[in-house]
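K.L.:
Questions regarding the structure given below will be posed in turn.
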Amino acid sequence: MANVIGQRVRRREDPRFLTGAGLYVDDVQLPGAKRVTFVRSDWAHARILGIDTSAVAEIPGTRVFTAADVDLPTNPLPPFLGIDARMQRPFLASDTVRFVGDIVAIVVTDGRELGVDAAELVQVEYDSLPVVTNLRDAARDEVLLFPDVGTNVCMRHAPESPDEHLFDDCEVVTSGTSVSQRIAACPIEPRSSAAVVGDDARLTVWLSTQTPHQDRDGLAGILGLDPGRVRVIAPDVGGGFGGKGLSAEDVLLAWVARALGEPVRWTETRSENLVAMHQGRAQEIDFELGGDRNGQIKALRLKILQDGGAYPGLGAFLARLTAMMASGVYAIPKIEISIEAMVTNTTPTGPVRGAGRPEATQMLERAVDMFAADLSMDPAEVRRRNFIAPDAFPYTTAAGTLYDSGNYVGALDRALETAGYEQLRQAQAERRAQGGTLHLGIGLSVYVEVTNGISEAEFGAVEITQDGAAIVKTGSFSQGQGHETTFAQIVAQRLGLELEQVSVIKGDTDVVLRGSGTYGSKSTQIGGAAAAQASEAVVEQAKRLVAEELEANPEDMVLDLGAGRFHVAGAPSPSLTWGELAQRLDEQGRLTELSAEVDFAPSSPTFPFGAHVAVVEVDSETGSVNLQRVIAVDDAGHIINPLVAEGQVHGGLAAGIAQALHEELTYDEDGNPMNSNLVTYGIPGAGELPFFERVEMVTPTPINPLGAKGIGESGTIGVTPAVHNAVIDAVSHLGVRQLDMPANGQTVWRAIQEAAERSQ
């Protein structure tokens, strides 16, 4: 099969999902498996004075464990984080709980319902402690989560010599604060895991995860086992969005399986998911953006405040990615950044779709709009005057980030042309002249993001079967990204096979040798590249083997991709198909020679980019926001399957719009979560979203042989500030300069009222 790459092939995995034939962790049959229920703190900060489990012990067949029973260390952190080890999370709280949802006991029962009832019988005596949930309050160190450490700051980075003259040559300096509110990943499938110890004492764990091999190694390290004694199987996963990796609950489940010698399983409820799975964003940035009166940006200063939650981990590190992308699409000569990450009495934070990069774009695109307003210039024109030029790549920003390729002005021009930008501005002016309460807003966002940000490698293997089909094994792991289709397309094109002849295997650490998993929008550019290189290696091996069979020179052999046949160049006959070659080799006991393994290691990350335009209508009497149009130009280099790419963009746009207008996790003054269910946590439905207008654009990357960049998070990063800017633009003539997200009716109405009061 030739030219399958670039074709709109329907996802081959979808039929099983649409017909209910998918296999998720909770579907795995484990006869006799016990159910685990976690007893969680309903206090945000308190000392544990005692735990009474006697009532549970009276229930036949039920077991209960507390910290005194569990011989596990604290949950280790990656050493590159540099976080004080005293802030590491204990798997079970022993003396202090630090957020609502902290685990204090494990109940093991014969059934799920009994587990809920038994957990309620565990009596925990608490002595409440002061609570801090606000970042800036936490920074004052008046309420300490870890008194032995002496501060709530878990990570700090500041310039060695702050530049007191950073803005000396600036005629205009715009300042403000960008708040990227706390949000939930909210995968359709909540977390789920199961574990069993075999007769050989080997531990098998089923996980709903994004990183099977990393989880195997993590489990082995924490439990003191050789990695070969642990098998992780990840079946179908109903979404991850950065939220699914090895969690404290998974480790405890594995520990219980080993302690009891019985199979055990756990699937969290939705309300449990909304307080226990790590949460995203939770960042504030104080910014100063300076330039001249012609709209040229000359300097940027940022103070980034990151909420790490009760136990800091990757969430604290994400501010580094924000700093990495601080320059955005603009050639800003001078950038100065300081970072402080704090602990608070809230759910720990971590990566959620975009992971540090949306925060940078949200800040910068809002700052540029404010800068344009201060200059009374069109925001599109200010952007044009400051873009990194298309011929400047590779380009190193003042933040020290090396971009691979880009054409930012081209993306903006396509977005504005599709939107009819000039006509929209004219319609806006006419509405304002006529008066009335329905106001038009146009918001822009031009973004660049980083994918495979730490330049990880990925494993890929290809082998030919006895009938001439191909099996692809990949260390990448899909949670909805469509690897079974995309990777098959990559391999089919290189082998000259029909797509149906290529199968993709992933997610089982006993079957796939190694892998880094899927996050950071890196799968195609490294996992797909590894599969491509393995395919090419198999073709070269096949040429040598066919030459032996046909008594020809290997250097003269060619593969006719359209027919899937090998023959001597210029002489179509004699020839061998993959099936004929495989059959001959199988008879000789040499079929394994038609296989190859590759670890593809790129030299650097890639940097997708794009431009989004949002059009809203705002009712100034009620504050209600009606999102009317979204135009999205997302350039991720060469696209393997446009249909899959569109699906990724659509999902990202929905998630980004949700942050701009709907979603926020909040806490009251006592640290109680205010919206830990889907009634109070505002995920928009399809009826609240417009049809997306997607504009294609392709700027290949030189970093991998596919020319592909990541696309899974682009929509999330680009659309949020576009919608946010559009809402503010709609009411800017009423005196509104800034409002925090989510820009819902209540927030907008209050901003309008406050602006009116200021004008009196």
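Each chain in the structure tokens gets a letter, A, B and so on, in the order shown; residues start at 1 in every chain, and ligands are counted from 1 in the order they appear.
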Would you please extract all helix (DSSP H, G or I) residues from range 540-754 of chain A, as assigned by DSSP on the backbone, and give them as a VMD selection string?

P.N.:
chain A and resid 540 to 550 554 to 556 578 to 587 591 to 593 642 to 661 686 to 688 714 to 734 745 to 754

K.L.:
Name all residues at most 12 Å from Asp168 in chain A (count only C-alpha atoms; drop same-chain ones fewer than 4 positions away) and give them as JSON, numbers by chain.

P.N.:
{"A": [163, 164, 172, 173, 290, 291, 292, 298, 299, 334]}

K.L.:
Could you write out that same residue set with N, CA, C and O atoms as a PDB file, in the first residue's frame?

P.N.:
ATOM      1  N   ASP A 163      18.021  42.477  36.905  1.00  0.00           N
ATOM      2  CA  ASP A 163      18.352  43.662  36.125  1.00  0.00           C
ATOM      3  C   ASP A 163      17.472  44.827  36.554  1.00  0.00           C
ATOM      4  O   ASP A 163      16.288  44.879  36.220  1.00  0.00           O
ATOM      5  N   GLU A 164      18.067  45.773  37.282  1.00  0.00           N
ATOM      6  CA  GLU A 164      17.317  46.941  37.738  1.00  0.00           C
ATOM      7  C   GLU A 164      16.965  47.876  36.585  1.00  0.00           C
ATOM      8  O   GLU A 164      16.114  48.755  36.728  1.00  0.00           O
ATOM      9  N   VAL A 172       6.624  52.407  27.317  1.00  0.00           N
ATOM     10  CA  VAL A 172       5.378  51.935  27.925  1.00  0.00           C
ATOM     11  C   VAL A 172       5.657  50.609  28.615  1.00  0.00           C
ATOM     12  O   VAL A 172       6.283  49.717  28.028  1.00  0.00           O
ATOM     13  N   VAL A 173       5.216  50.490  29.866  1.00  0.00           N
ATOM     14  CA  VAL A 173       5.336  49.232  30.601  1.00  0.00           C
ATOM     15  C   VAL A 173       3.948  48.822  31.078  1.00  0.00           C
ATOM     16  O   VAL A 173       3.303  49.558  31.838  1.00  0.00           O
ATOM     17  N   GLY A 290       7.282  45.518  28.588  1.00  0.00           N
ATOM     18  CA  GLY A 290       7.645  46.868  28.193  1.00  0.00           C
ATOM     19  C   GLY A 290       8.032  46.971  26.736  1.00  0.00           C
ATOM     20  O   GLY A 290       8.529  46.006  26.130  1.00  0.00           O
ATOM     21  N   GLY A 291       7.817  48.154  26.153  1.00  0.00           N
ATOM     22  CA  GLY A 291       8.199  48.387  24.771  1.00  0.00           C
ATOM     23  C   GLY A 291       8.092  49.845  24.412  1.00  0.00           C
ATOM     24  O   GLY A 291       7.880  50.713  25.276  1.00  0.00           O
ATOM     25  N   ASP A 292       8.226  50.130  23.100  1.00  0.00           N
ATOM     26  CA  ASP A 292       8.135  51.526  22.676  1.00  0.00           C
ATOM     27  C   ASP A 292       6.735  51.818  22.145  1.00  0.00           C
ATOM     28  O   ASP A 292       5.892  50.929  22.033  1.00  0.00           O
ATOM     29  N   LYS A 298      10.234  45.094  24.137  1.00  0.00           N
ATOM     30  CA  LYS A 298      11.667  45.104  24.433  1.00  0.00           C
ATOM     31  C   LYS A 298      12.052  44.315  25.672  1.00  0.00           C
ATOM     32  O   LYS A 298      13.216  43.913  25.797  1.00  0.00           O
ATOM     33  N   ALA A 299      11.120  44.110  26.594  1.00  0.00           N
ATOM     34  CA  ALA A 299      11.501  43.429  27.839  1.00  0.00           C
ATOM     35  C   ALA A 299      10.277  42.812  28.494  1.00  0.00           C
ATOM     36  O   ALA A 299       9.152  43.310  28.362  1.00  0.00           O
ATOM     37  N   LYS A 334      14.864  40.869  26.031  1.00  0.00           N
ATOM     38  CA  LYS A 334      15.267  40.686  27.428  1.00  0.00           C
ATOM     39  C   LYS A 334      14.112  40.061  28.221  1.00  0.00           C
ATOM     40  O   LYS A 334      12.992  40.577  28.202  1.00  0.00           O
TER      41      LYS A 334
END

K.L.:
Running DSSP on the backbone, which parts of range 384-630 of chain A land in strand (DSSP E or B), as a PyMOL selection string?

P.N.:
chain A and resi 387+395-396+402-403+438-448+451+458-464+470-474+502-505+508+557-560+565-568+571-577+595-600+606+609-619+625-630

K.L.:
Given the choices A:Tyr24, A:Tyr403, A:Phe692, A:Tyr681, which gets closest to Thr606 in chain A if the distance is worked out from only C-alpha atoms?

P.N.:
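Looking at the shortest contact to Thr606 in chain A, the residue is A:Tyr403.
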
K.L.:
Find the residues near range 124-137 of chain A: any atom within 6 Å, counting only C-alpha atoms, skip ones fewer than 3 places away on the same chain, and give them as a list in words.

P.N.:
His45, Ala46, Arg47, Ile48, Leu49, Gly50, Ile51, Arg140, Thr344 and Asn345 of chain A

K.L.:
Store the residues picked out above, limited to C-alpha atoms, as a CSV table (one decimal), in the first residue's frame.

P.N.:
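again_24.csv written:
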chain,number,residue,atom,x,y,z
A,45,HIS,CA,-5.1,20.0,57.9
A,46,ALA,CA,-5.1,18.1,61.2
A,47,ARG,CA,-3.2,15.9,63.5
A,48,ILE,CA,-4.2,12.3,63.7
A,49,LEU,CA,-4.8,11.5,67.4
A,50,GLY,CA,-6.0,7.9,66.9
A,51,ILE,CA,-7.7,5.5,64.5
A,140,ARG,CA,4.0,34.2,54.0
A,344,THR,CA,-1.0,24.4,50.3
A,345,ASN,CA,-3.7,22.4,52.0

K.L.:
Would you mind listing what lies within 6 Å of Phe65 in chain A as a PDB file with N, CA and C atoms, in the first residue's frame, with only C-alpha atoms counted and same-chain residues fewer than 4 positions away left out?

P.N.:
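For reference, selection_10.pdb as written:
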ATOM      1  N   ASP A  69       0.645  -0.465  59.897  1.00  0.00           N
ATOM      2  CA  ASP A  69       0.706  -1.818  59.340  1.00  0.00           C
ATOM      3  C   ASP A  69       1.490  -1.906  58.031  1.00  0.00           C
ATOM      4  N   ALA A 105      -6.449   5.145  55.852  1.00  0.00           N
ATOM      5  CA  ALA A 105      -6.616   3.706  56.099  1.00  0.00           C
ATOM      6  C   ALA A 105      -7.055   3.016  54.814  1.00  0.00           C
ATOM      7  N   ILE A 106      -6.841   1.683  54.785  1.00  0.00           N
ATOM      8  CA  ILE A 106      -7.247   0.842  53.654  1.00  0.00           C
ATOM      9  C   ILE A 106      -8.194  -0.220  54.187  1.00  0.00           C
TER      10      ILE A 106
END

K.L.:
Of the residues A:Leu412, A:Leu252, A:Val491, A:Leu513, which is the one nearest to Asn3 in chain A, using only C-alpha atoms?

P.N.:
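Closest to Asn3 in chain A of all the choices is A:Val491.
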
K.L.:
Just give me the gap between CA of Tyr667 in chain A and CA of Val39 in chain A in Å, one decimal is fine.

P.N.:
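Atom-to-atom, CA of Tyr667 in chain A and CA of Val39 in chain A are spaced 20.5 Å apart.
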
K.L.:
Looking at A:Ser193, A:Thr53, A:Ser338, A:Thr346, which one is nearest to Asp215 in chain A, with distances taken over only C-alpha atoms?

P.N.:
A:Ser193

K.L.:
Hey, which of A:Ala596, A:Ala654, A:Ala469, A:Leu318 ends up closest to Gly564 in chain A? Count only C-alpha atoms.

P.N.:
A:Ala469

K.L.:
Residues within 8 Å of Pro227 in chain A, please, as a PyMOL selection string. Count only C-alpha atoms; anything in the same chain fewer than 3 positions from it doesn't count.

P.N.:
chain A and resi 216-217+220-221+230-231

K.L.:
For the residues in that selection, give me N, CA and C atoms as a short mmCIF file (atom, residue, chain, number, x, y, z; two decimals), in the first residue's frame.

P.N.:
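Heads up, here's the output in again00.cif:
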data_model
loop_
_atom_site.label_atom_id
_atom_site.label_comp_id
_atom_site.auth_asym_id
_atom_site.auth_seq_id
_atom_site.Cartn_x
_atom_site.Cartn_y
_atom_site.Cartn_z
N ARG A 216 5.93 0.11 36.08
CA ARG A 216 6.57 -1.14 36.51
C ARG A 216 7.84 -0.86 37.30
N ASP A 217 8.68 0.01 36.76
CA ASP A 217 9.93 0.32 37.44
C ASP A 217 9.69 1.03 38.76
N ALA A 220 8.45 -1.56 41.30
CA ALA A 220 9.56 -2.42 41.72
C ALA A 220 10.46 -1.70 42.71
N GLY A 221 10.77 -0.46 42.42
CA GLY A 221 11.65 0.29 43.31
C GLY A 221 11.06 0.51 44.68
N VAL A 230 7.94 -7.87 38.29
CA VAL A 230 6.71 -7.08 38.21
C VAL A 230 6.27 -7.00 36.75
N ARG A 231 5.02 -7.26 36.51
CA ARG A 231 4.43 -7.09 35.19
C ARG A 231 3.30 -6.09 35.27
#

K.L.:
Find the spatial neighbours of range 714-730 of chain A, counting only C-alpha atoms, within a cut-off of 7 Å - ignore same-chain residues fewer than 3 positions away - and output them as an MDAnalysis selection string.

P.N.:
chainID A and resid 354 357:358 361:362 365:366 439:447 611:616 618 634 649 652:653 655:657 659:660 711 736:738 743

K.L.:
Write the residues you've just listed into a file as a CSV table (one decimal), in the first residue's frame, and include N, CA and C atoms for each of them.

P.N.:
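selection22.csv, freshly written:
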chain,number,residue,atom,x,y,z
A,354,GLY,N,-1.5,20.0,28.6
A,354,GLY,CA,-0.8,21.2,28.4
A,354,GLY,C,0.4,21.4,29.3
A,357,ARG,N,2.6,24.7,29.8
A,357,ARG,CA,2.7,25.6,28.6
A,357,ARG,C,1.4,26.4,28.4
A,358,PRO,N,0.2,25.9,28.7
A,358,PRO,CA,-0.9,26.8,28.6
A,358,PRO,C,-0.8,28.1,29.5
A,361,THR,N,1.2,30.8,27.7
A,361,THR,CA,0.5,31.4,26.6
A,361,THR,C,-0.7,32.3,27.1
A,362,GLN,N,-1.4,31.8,28.2
A,362,GLN,CA,-2.4,32.6,28.8
A,362,GLN,C,-1.9,33.9,29.3
A,365,GLU,N,-0.3,36.2,26.0
A,365,GLU,CA,-1.3,36.7,25.1
A,365,GLU,C,-2.3,37.7,25.7
A,366,ARG,N,-2.5,37.6,27.0
A,366,ARG,CA,-3.2,38.6,27.7
A,366,ARG,C,-2.4,39.9,27.9
A,439,HIS,N,-22.9,42.8,23.2
A,439,HIS,CA,-21.6,43.3,22.7
A,439,HIS,C,-20.8,42.2,22.1
A,440,LEU,N,-20.1,42.6,21.0
A,440,LEU,CA,-19.3,41.6,20.2
A,440,LEU,C,-17.9,41.7,20.7
A,441,GLY,N,-17.2,40.6,20.9
A,441,GLY,CA,-15.8,40.5,21.3
A,441,GLY,C,-15.0,39.6,20.4
A,442,ILE,N,-13.8,40.1,20.0
A,442,ILE,CA,-12.9,39.3,19.1
A,442,ILE,C,-11.6,39.1,19.9
A,443,GLY,N,-11.3,37.9,20.1
A,443,GLY,CA,-10.0,37.5,20.8
A,443,GLY,C,-9.0,36.8,19.9
A,444,LEU,N,-7.8,37.2,20.1
A,444,LEU,CA,-6.7,36.5,19.4
A,444,LEU,C,-5.7,35.8,20.3
A,445,SER,N,-5.1,34.8,19.8
A,445,SER,CA,-4.0,34.1,20.5
A,445,SER,C,-3.1,33.5,19.4
A,446,VAL,N,-1.8,33.8,19.5
A,446,VAL,CA,-0.8,33.1,18.7
A,446,VAL,C,0.1,32.4,19.7
A,447,TYR,N,0.3,31.2,19.5
A,447,TYR,CA,1.1,30.4,20.5
A,447,TYR,C,2.1,29.5,19.9
A,611,ALA,N,-2.4,29.8,15.6
A,611,ALA,CA,-3.1,31.0,15.9
A,611,ALA,C,-4.6,30.7,16.0
A,612,HIS,N,-5.3,31.3,17.0
A,612,HIS,CA,-6.7,31.0,17.2
A,612,HIS,C,-7.4,32.4,17.3
A,613,VAL,N,-8.6,32.4,16.7
A,613,VAL,CA,-9.5,33.6,16.8
A,613,VAL,C,-10.8,33.1,17.5
A,614,ALA,N,-11.3,33.8,18.5
A,614,ALA,CA,-12.6,33.5,19.1
A,614,ALA,C,-13.5,34.7,19.0
A,615,VAL,N,-14.7,34.4,18.7
A,615,VAL,CA,-15.8,35.5,18.6
A,615,VAL,C,-16.8,35.2,19.7
A,616,VAL,N,-17.1,36.2,20.5
A,616,VAL,CA,-18.1,36.0,21.6
A,616,VAL,C,-19.2,37.1,21.5
A,618,VAL,N,-21.5,39.1,24.4
A,618,VAL,CA,-21.6,39.2,25.9
A,618,VAL,C,-22.8,40.1,26.2
A,634,ASP,N,-3.6,25.2,13.6
A,634,ASP,CA,-2.6,24.5,14.5
A,634,ASP,C,-1.6,23.7,13.6
A,649,VAL,N,-7.3,18.0,18.0
A,649,VAL,CA,-7.5,19.4,18.1
A,649,VAL,C,-8.8,19.7,18.6
A,652,GLY,N,-8.8,19.2,22.3
A,652,GLY,CA,-8.0,20.3,23.0
A,652,GLY,C,-8.8,21.6,23.0
A,653,LEU,N,-9.5,21.9,21.9
A,653,LEU,CA,-10.3,23.1,21.9
A,653,LEU,C,-11.4,23.1,23.0
A,655,ALA,N,-11.4,21.4,25.7
A,655,ALA,CA,-10.8,21.5,27.1
A,655,ALA,C,-10.3,23.0,27.3
A,656,GLY,N,-9.8,23.6,26.3
A,656,GLY,CA,-9.3,25.0,26.5
A,656,GLY,C,-10.4,26.0,26.7
A,657,ILE,N,-11.5,25.8,25.9
A,657,ILE,CA,-12.7,26.6,26.1
A,657,ILE,C,-13.3,26.4,27.5
A,659,GLN,N,-11.7,25.8,30.3
A,659,GLN,CA,-11.0,26.6,31.3
A,659,GLN,C,-11.3,28.0,31.1
A,660,ALA,N,-11.4,28.5,29.9
A,660,ALA,CA,-11.7,29.9,29.7
A,660,ALA,C,-13.1,30.4,30.3
A,711,ILE,N,0.5,17.2,18.6
A,711,ILE,CA,-0.7,18.0,18.4
A,711,ILE,C,-1.7,17.7,19.5
A,736,VAL,N,-13.8,47.6,31.4
A,736,VAL,CA,-13.2,46.3,32.0
A,736,VAL,C,-11.9,46.1,31.3
A,737,ARG,N,-10.8,46.0,32.1
A,737,ARG,CA,-9.5,45.8,31.6
A,737,ARG,C,-9.0,44.4,31.8
A,738,GLN,N,-9.5,43.8,32.9
A,738,GLN,CA,-9.1,42.4,33.3
A,738,GLN,C,-10.2,41.7,34.1
A,743,ALA,N,-14.3,32.9,32.8
A,743,ALA,CA,-15.1,34.2,32.4
A,743,ALA,C,-16.5,33.9,32.2

K.L.:
Just give me the gap between CA of Phe91 in chain A and CA of Gly475 in chain A in Å, one decimal is fine.

P.N.:
28.1 Å

K.L.:
Residues within 8 Å of Ile703 in chain A, please, as a list in words. Count only C-alpha atoms; anything in the same chain fewer than 2 positions from it doesn't count.

P.N.:
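The residues satisfying every condition are Asp404, Pro602, Ser603, Ser604, Pro605, Thr606, Thr701, Pro705 and Gly707 of chain A.
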
K.L.:
Take the residues just selected and output them with N, CA and C atoms as a PDB file, in the first residue's frame.

P.N.:
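Wrote out-v2.pdb, looks like this:
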ATOM      1  N   ASP A 404      12.632  24.856  16.838  1.00  0.00           N
ATOM      2  CA  ASP A 404      13.072  24.158  15.635  1.00  0.00           C
ATOM      3  C   ASP A 404      12.615  24.819  14.339  1.00  0.00           C
ATOM      4  N   PRO A 602      15.581  11.653  19.713  1.00  0.00           N
ATOM      5  CA  PRO A 602      15.714  12.910  18.980  1.00  0.00           C
ATOM      6  C   PRO A 602      16.777  13.798  19.605  1.00  0.00           C
ATOM      7  N   SER A 603      17.262  14.735  18.827  1.00  0.00           N
ATOM      8  CA  SER A 603      18.289  15.651  19.326  1.00  0.00           C
ATOM      9  C   SER A 603      17.716  16.741  20.213  1.00  0.00           C
ATOM     10  N   SER A 604      16.421  17.023  20.080  1.00  0.00           N
ATOM     11  CA  SER A 604      15.809  18.117  20.836  1.00  0.00           C
ATOM     12  C   SER A 604      14.294  17.989  20.759  1.00  0.00           C
ATOM     13  N   PRO A 605      13.574  18.795  21.517  1.00  0.00           N
ATOM     14  CA  PRO A 605      12.113  18.802  21.416  1.00  0.00           C
ATOM     15  C   PRO A 605      11.659  19.416  20.091  1.00  0.00           C
ATOM     16  N   THR A 606      10.362  19.379  19.855  1.00  0.00           N
ATOM     17  CA  THR A 606       9.773  20.112  18.739  1.00  0.00           C
ATOM     18  C   THR A 606       8.805  21.155  19.283  1.00  0.00           C
ATOM     19  N   THR A 701       9.268  19.726  10.839  1.00  0.00           N
ATOM     20  CA  THR A 701      10.406  19.852  11.741  1.00  0.00           C
ATOM     21  C   THR A 701      11.562  19.015  11.211  1.00  0.00           C
ATOM     22  N   PRO A 705      12.561  12.009  11.403  1.00  0.00           N
ATOM     23  CA  PRO A 705      12.400  11.681   9.970  1.00  0.00           C
ATOM     24  C   PRO A 705      10.974  11.809   9.465  1.00  0.00           C
ATOM     25  N   GLY A 707       9.076  14.398  10.182  1.00  0.00           N
ATOM     26  CA  GLY A 707       8.760  15.818  10.080  1.00  0.00           C
ATOM     27  C   GLY A 707       7.580  16.215  10.935  1.00  0.00           C
TER      28      GLY A 707
END

K.L.:
Considering only C-alpha atoms, can you say which of A:Arg353, A:Lys303, A:Arg202, A:Lys34 comes closest to Ala185 in chain A?

P.N.:
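Smallest distance to Ala185 in chain A is found for A:Arg353.
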